[in-house]
$ cat entry21.csv   # CSV, C-alpha atoms
chain,number,residue,atom,x,y,z
A,1,MET,CA,3.2,-28.5,-1.4
A,2,GLN,CA,4.9,-25.8,-3.3
A,3,ARG,CA,2.9,-23.6,-5.6
A,4,ALA,CA,4.2,-23.3,-9.2
A,5,ARG,CA,5.5,-19.9,-10.2
A,6,GLN,CA,3.4,-18.1,-12.8
A,7,PRO,CA,5.8,-15.6,-14.3
A,8,GLY,CA,3.3,-14.1,-16.7
A,9,VAL,CA,0.7,-13.5,-14.0
A,10,MET,CA,3.2,-11.8,-11.7
A,11,HIS,CA,4.5,-9.6,-14.5
A,12,ILE,CA,0.9,-8.5,-15.3
A,13,GLN,CA,0.1,-7.8,-11.7
A,14,LEU,CA,3.3,-5.8,-11.0
A,15,SER,CA,3.0,-3.9,-14.3
A,16,HIS,CA,-0.6,-3.0,-13.3
A,17,LEU,CA,0.8,-1.6,-10.0
A,18,VAL,CA,3.3,0.5,-11.9
A,19,GLU,CA,0.5,1.8,-14.2
A,20,VAL,CA,-1.9,2.8,-11.4
A,21,SER,CA,0.9,4.3,-9.3
A,22,ALA,CA,1.1,7.1,-11.8
A,23,LEU,CA,-2.5,8.1,-11.0
A,24,PRO,CA,-2.8,11.3,-8.9
A,25,THR,CA,-5.0,9.5,-6.4
A,26,VAL,CA,-2.7,6.5,-5.8
A,27,SER,CA,0.5,6.3,-3.8
A,28,ILE,CA,2.7,3.2,-3.8
A,29,GLN,CA,5.8,3.1,-1.7
A,30,VAL,CA,8.1,0.1,-1.0
A,31,VAL,CA,9.8,-0.4,2.3
A,32,GLY,CA,13.3,-1.5,1.3
A,33,ARG,CA,15.1,-4.6,2.6
A,34,GLU,CA,17.7,-2.5,4.4
A,35,VAL,CA,15.0,-1.5,6.9
A,36,ASN,CA,15.3,-4.2,9.5
A,37,SER,CA,12.4,-3.5,11.8
A,38,HIS,CA,9.4,-1.3,11.4
A,39,ILE,CA,5.8,-0.9,12.6
A,40,GLY,CA,4.5,-2.8,9.6
A,41,PHE,CA,5.7,-6.0,11.1
A,42,HIS,CA,3.3,-5.6,14.0
A,43,LEU,CA,0.2,-4.7,12.0
A,44,ALA,CA,-2.3,-6.7,10.1
A,45,SER,CA,-2.8,-5.8,6.5
A,46,PHE,CA,-4.8,-2.6,6.2
A,47,VAL,CA,-6.1,-0.1,3.7
A,48,LEU,CA,-6.2,3.6,4.7
A,49,LEU,CA,-8.6,5.7,2.7
A,50,GLU,CA,-8.2,9.5,2.9
A,51,PHE,CA,-10.6,11.9,1.3
A,52,GLY,CA,-10.1,15.4,0.0
A,53,VAL,CA,-12.4,18.4,0.4
A,54,LEU,CA,-15.8,17.6,-1.1
A,55,LEU,CA,-17.2,21.1,-1.3
A,56,ALA,CA,-15.4,24.4,-1.1
A,57,GLY,CA,-15.0,25.4,2.5
A,58,GLU,CA,-16.2,22.1,3.8
A,59,PRO,CA,-13.8,20.0,5.9
A,60,PRO,CA,-12.7,16.6,4.4
A,61,GLU,CA,-14.3,13.4,5.5
A,62,PRO,CA,-12.3,11.6,8.2
A,63,PRO,CA,-10.0,8.9,7.1
A,64,GLU,CA,-11.3,5.3,7.2
A,65,VAL,CA,-9.4,2.1,7.7
A,66,PHE,CA,-10.3,-1.4,6.5
A,67,ILE,CA,-8.4,-4.3,8.2
A,68,ASP,CA,-8.6,-7.7,6.8
A,69,GLY,CA,-8.5,-10.4,9.4
A,70,ILE,CA,-10.2,-13.2,11.3
A,71,PRO,CA,-13.2,-13.5,11.8
A,72,GLY,CA,-13.8,-10.9,9.1
A,73,ALA,CA,-13.0,-7.4,7.9
A,74,LEU,CA,-13.0,-4.5,10.4
A,75,HIS,CA,-13.9,-1.0,9.5
A,76,LEU,CA,-12.6,2.0,11.6
A,77,GLN,CA,-13.1,5.7,11.4
A,78,ARG,CA,-11.0,8.3,13.2
A,79,GLU,CA,-13.1,8.3,16.3
A,80,SER,CA,-12.7,4.6,16.7
A,81,GLY,CA,-9.0,4.1,16.1
A,82,ALA,CA,-8.2,5.1,12.5
A,83,GLY,CA,-5.8,7.8,13.9
A,84,GLU,CA,-3.4,5.0,15.1
A,85,TYR,CA,-3.4,3.6,11.5
A,86,GLN,CA,-2.9,7.1,10.1
A,87,ALA,CA,0.2,7.4,12.3
A,88,ALA,CA,1.5,4.0,11.3
A,89,ALA,CA,1.0,4.9,7.6
A,90,ASP,CA,2.8,8.1,8.1
A,91,GLU,CA,5.8,6.3,9.7
A,92,LEU,CA,5.8,3.7,6.9
A,93,SER,CA,5.8,6.4,4.4
A,94,ARG,CA,8.7,8.1,6.1
A,95,ILE,CA,10.9,5.0,6.1
A,96,ALA,CA,9.9,3.8,2.6
A,97,LEU,CA,11.5,4.5,-0.7
A,98,SER,CA,10.1,7.6,-2.5
A,99,GLU,CA,7.1,7.0,-4.9
A,100,ASN,CA,9.4,7.4,-8.0
A,101,THR,CA,12.0,5.0,-6.6
A,102,SER,CA,9.4,2.5,-5.6
A,103,ARG,CA,7.7,2.7,-9.0
A,104,ALA,CA,11.1,2.0,-10.7
A,105,LEU,CA,11.8,-0.9,-8.3
A,106,VAL,CA,8.4,-2.5,-9.0
A,107,ARG,CA,9.0,-2.0,-12.7
A,108,GLU,CA,12.4,-3.7,-12.5
A,109,ILE,CA,11.0,-6.7,-10.5
A,110,ALA,CA,8.1,-7.0,-13.1
A,111,GLN,CA,10.7,-7.4,-15.8
A,112,ASP,CA,12.2,-10.3,-13.9
A,113,TYR,CA,8.8,-12.1,-14.2
A,114,ARG,CA,8.3,-11.3,-17.9
A,115,PRO,CA,7.3,-14.5,-19.7

$ encode --input "entry21.csv" --output "structure tokens"
Amino acid sequence: MQRARQPGVMHIQLSHLVEVSALPTVSIQVVGREVNSHIGFHLASFVLLEFGVLLAGEPPEPPEVFIDGIPGALHLQRESGAGEYQAAADELSRIALSENTSRALVREIAQDYRP
């Protein structure tokens, strides 16, 4: 069964991404279609959280990774494998469009879904 397209909903979601991507604590980058193969094809969906310095002179908290999968979500910290996801995120960032170009592309696609 094919799901019906909901142009208004997609427009709202993509417009929201454009809006939050302007925040200083959010980074959204799109890997372009011209990149044929990359590490993202070999990973489950993940969220990498990086934290800045909490107190002057104190080191930042280590990054944390949340992986959504079966049988449930997995939580990793640097000592237990988050470093591999940090390296993957760095590689994806390197091959992706810049933040400004990605924002413009998402804005353009959002307009295609405008009701």

$ closest_residue --input "entry21.csv" --among "A:Ser37, A:Thr25, A:Ser98, A:Gln111" --to "Phe51 (chain A)" --atoms "all atoms listed in the file"
A:Thr25

$ axis_aligned_box --input "entry21.csv" --around "region 56-70 of chain A" --padding-each-side "6 Å" --output "lines of an AutoDock Vina configuration file"
center_x = -12.3
center_y = 6.1
center_z = 5.1
size_x = 19.8
size_y = 50.6
size_z = 24.4

$ residues_around --input "entry21.csv" --residues "Val18 (chain A)" --least-positions-apart "5" --cutoff "8 Å" --atoms "only C-alpha atoms" --output "MDAnalysis selection string"
chainID A and resid 103 106:107

$ write_last_selection --input "entry21.csv" --atoms "C-alpha atoms" --output "PDB file, keeping the file's coordinate frame"
ATOM      1  CA  ARG A 103       7.700   2.700  -9.000  1.00  0.00           C
ATOM      2  CA  VAL A 106       8.400  -2.500  -9.000  1.00  0.00           C
ATOM      3  CA  ARG A 107       9.000  -2.000 -12.700  1.00  0.00           C
TER       4      ARG A 107
END

$ residues_around --input "entry21.csv" --residues "region 44-48 of chain A" --least-positions-apart "4" --cutoff "6 Å" --atoms "only C-alpha atoms" --output "ChimeraX atom specification"
/A:64-67

$ atom_distance --input "entry21.csv" --atom1 "CA of Ser15 (chain A)" --atom2 "CA of Ile109 (chain A)"
9.3 Å

$ closest_residue --input "entry21.csv" --among "A:Ala104, A:Ala88, A:Ala96, A:Met10" --to "Val30 (chain A)" --atoms "all atoms listed in the file"
A:Ala96

$ closest_residue --input "entry21.csv" --among "A:Asp68, A:Glu99, A:Glu61, A:Asp90" --to "Val26 (chain A)" --atoms "only C-alpha atoms"
A:Glu99

$ closest_residue --input "entry21.csv" --among "A:Leu14, A:Leu54, A:Ala110, A:Leu97" --to "Val31 (chain A)" --atoms "only C-alpha atoms"
A:Leu97

$ closest_residue --input "entry21.csv" --among "A:Leu105, A:Leu92, A:Ala87, A:Ala82" --to "Leu49 (chain A)" --atoms "only C-alpha atoms"
A:Ala82

$ atom_distance --input "entry21.csv" --atom1 "CA of Ser102 (chain A)" --atom2 "CA of Gly32 (chain A)"
8.9 Å

$ atom_distance --input "entry21.csv" --atom1 "CA of Glu50 (chain A)" --atom2 "CA of Pro24 (chain A)"
13.1 Å

$ decode --input "entry21.csv" --residues "region 42-59 of chain A" --atoms "N, CA, C and O atoms" --output "compact mmCIF listing (two decimals), in the first residue's frame"
# COMPACT_ATOMS: atom_id res chain seq x y z
N HIS A 42 26.40 2.53 5.90
CA HIS A 42 26.75 1.35 6.68
C HIS A 42 26.40 1.49 8.16
O HIS A 42 26.71 0.61 8.95
N LEU A 43 25.77 2.59 8.54
CA LEU A 43 25.45 2.84 9.93
C LEU A 43 23.95 2.90 10.14
O LEU A 43 23.20 3.31 9.25
N ALA A 44 23.52 2.53 11.32
CA ALA A 44 22.14 2.77 11.72
C ALA A 44 22.00 4.26 12.00
O ALA A 44 22.98 4.97 12.20
N SER A 45 20.79 4.74 12.02
CA SER A 45 20.54 6.13 12.36
C SER A 45 21.06 6.40 13.77
O SER A 45 20.83 5.62 14.68
N PHE A 46 21.78 7.52 13.93
CA PHE A 46 22.31 7.84 15.25
C PHE A 46 22.28 9.34 15.49
O PHE A 46 22.23 10.13 14.56
N VAL A 47 22.30 9.70 16.77
CA VAL A 47 22.37 11.10 17.19
C VAL A 47 23.64 11.23 18.01
O VAL A 47 23.86 10.49 18.98
N LEU A 48 24.49 12.17 17.64
CA LEU A 48 25.73 12.44 18.36
C LEU A 48 25.54 13.74 19.12
O LEU A 48 25.27 14.78 18.53
N LEU A 49 25.66 13.66 20.44
CA LEU A 49 25.56 14.85 21.29
C LEU A 49 26.95 15.25 21.75
O LEU A 49 27.68 14.44 22.32
N GLU A 50 27.32 16.48 21.48
CA GLU A 50 28.60 17.01 21.94
C GLU A 50 28.33 18.18 22.88
O GLU A 50 27.44 18.99 22.62
N PHE A 51 29.09 18.25 23.94
CA PHE A 51 28.87 19.25 24.97
C PHE A 51 30.07 20.18 25.06
O PHE A 51 31.21 19.75 24.96
N GLY A 52 29.79 21.46 25.27
CA GLY A 52 30.86 22.42 25.45
C GLY A 52 31.35 22.43 26.89
O GLY A 52 30.89 21.66 27.73
N VAL A 53 32.28 23.32 27.17
CA VAL A 53 32.82 23.46 28.51
C VAL A 53 31.72 23.94 29.44
O VAL A 53 31.00 24.90 29.14
N LEU A 54 31.55 23.25 30.57
CA LEU A 54 30.50 23.61 31.52
C LEU A 54 30.93 24.71 32.47
O LEU A 54 30.20 25.63 32.74
N LEU A 55 32.13 24.60 32.99
CA LEU A 55 32.68 25.60 33.90
C LEU A 55 34.04 26.03 33.37
O LEU A 55 34.76 25.23 32.78
N ALA A 56 34.41 27.27 33.65
CA ALA A 56 35.70 27.76 33.17
C ALA A 56 36.83 26.84 33.65
O ALA A 56 36.94 26.52 34.82
N GLY A 57 37.63 26.39 32.70
CA GLY A 57 38.75 25.54 33.04
C GLY A 57 38.44 24.07 33.14
O GLY A 57 39.35 23.25 33.19
N GLU A 58 37.18 23.70 33.18
CA GLU A 58 36.79 22.30 33.27
C GLU A 58 36.71 21.71 31.86
O GLU A 58 36.25 22.36 30.94
N PRO A 59 37.16 20.47 31.69
CA PRO A 59 37.04 19.86 30.36
C PRO A 59 35.58 19.59 30.03
O PRO A 59 34.77 19.41 30.93
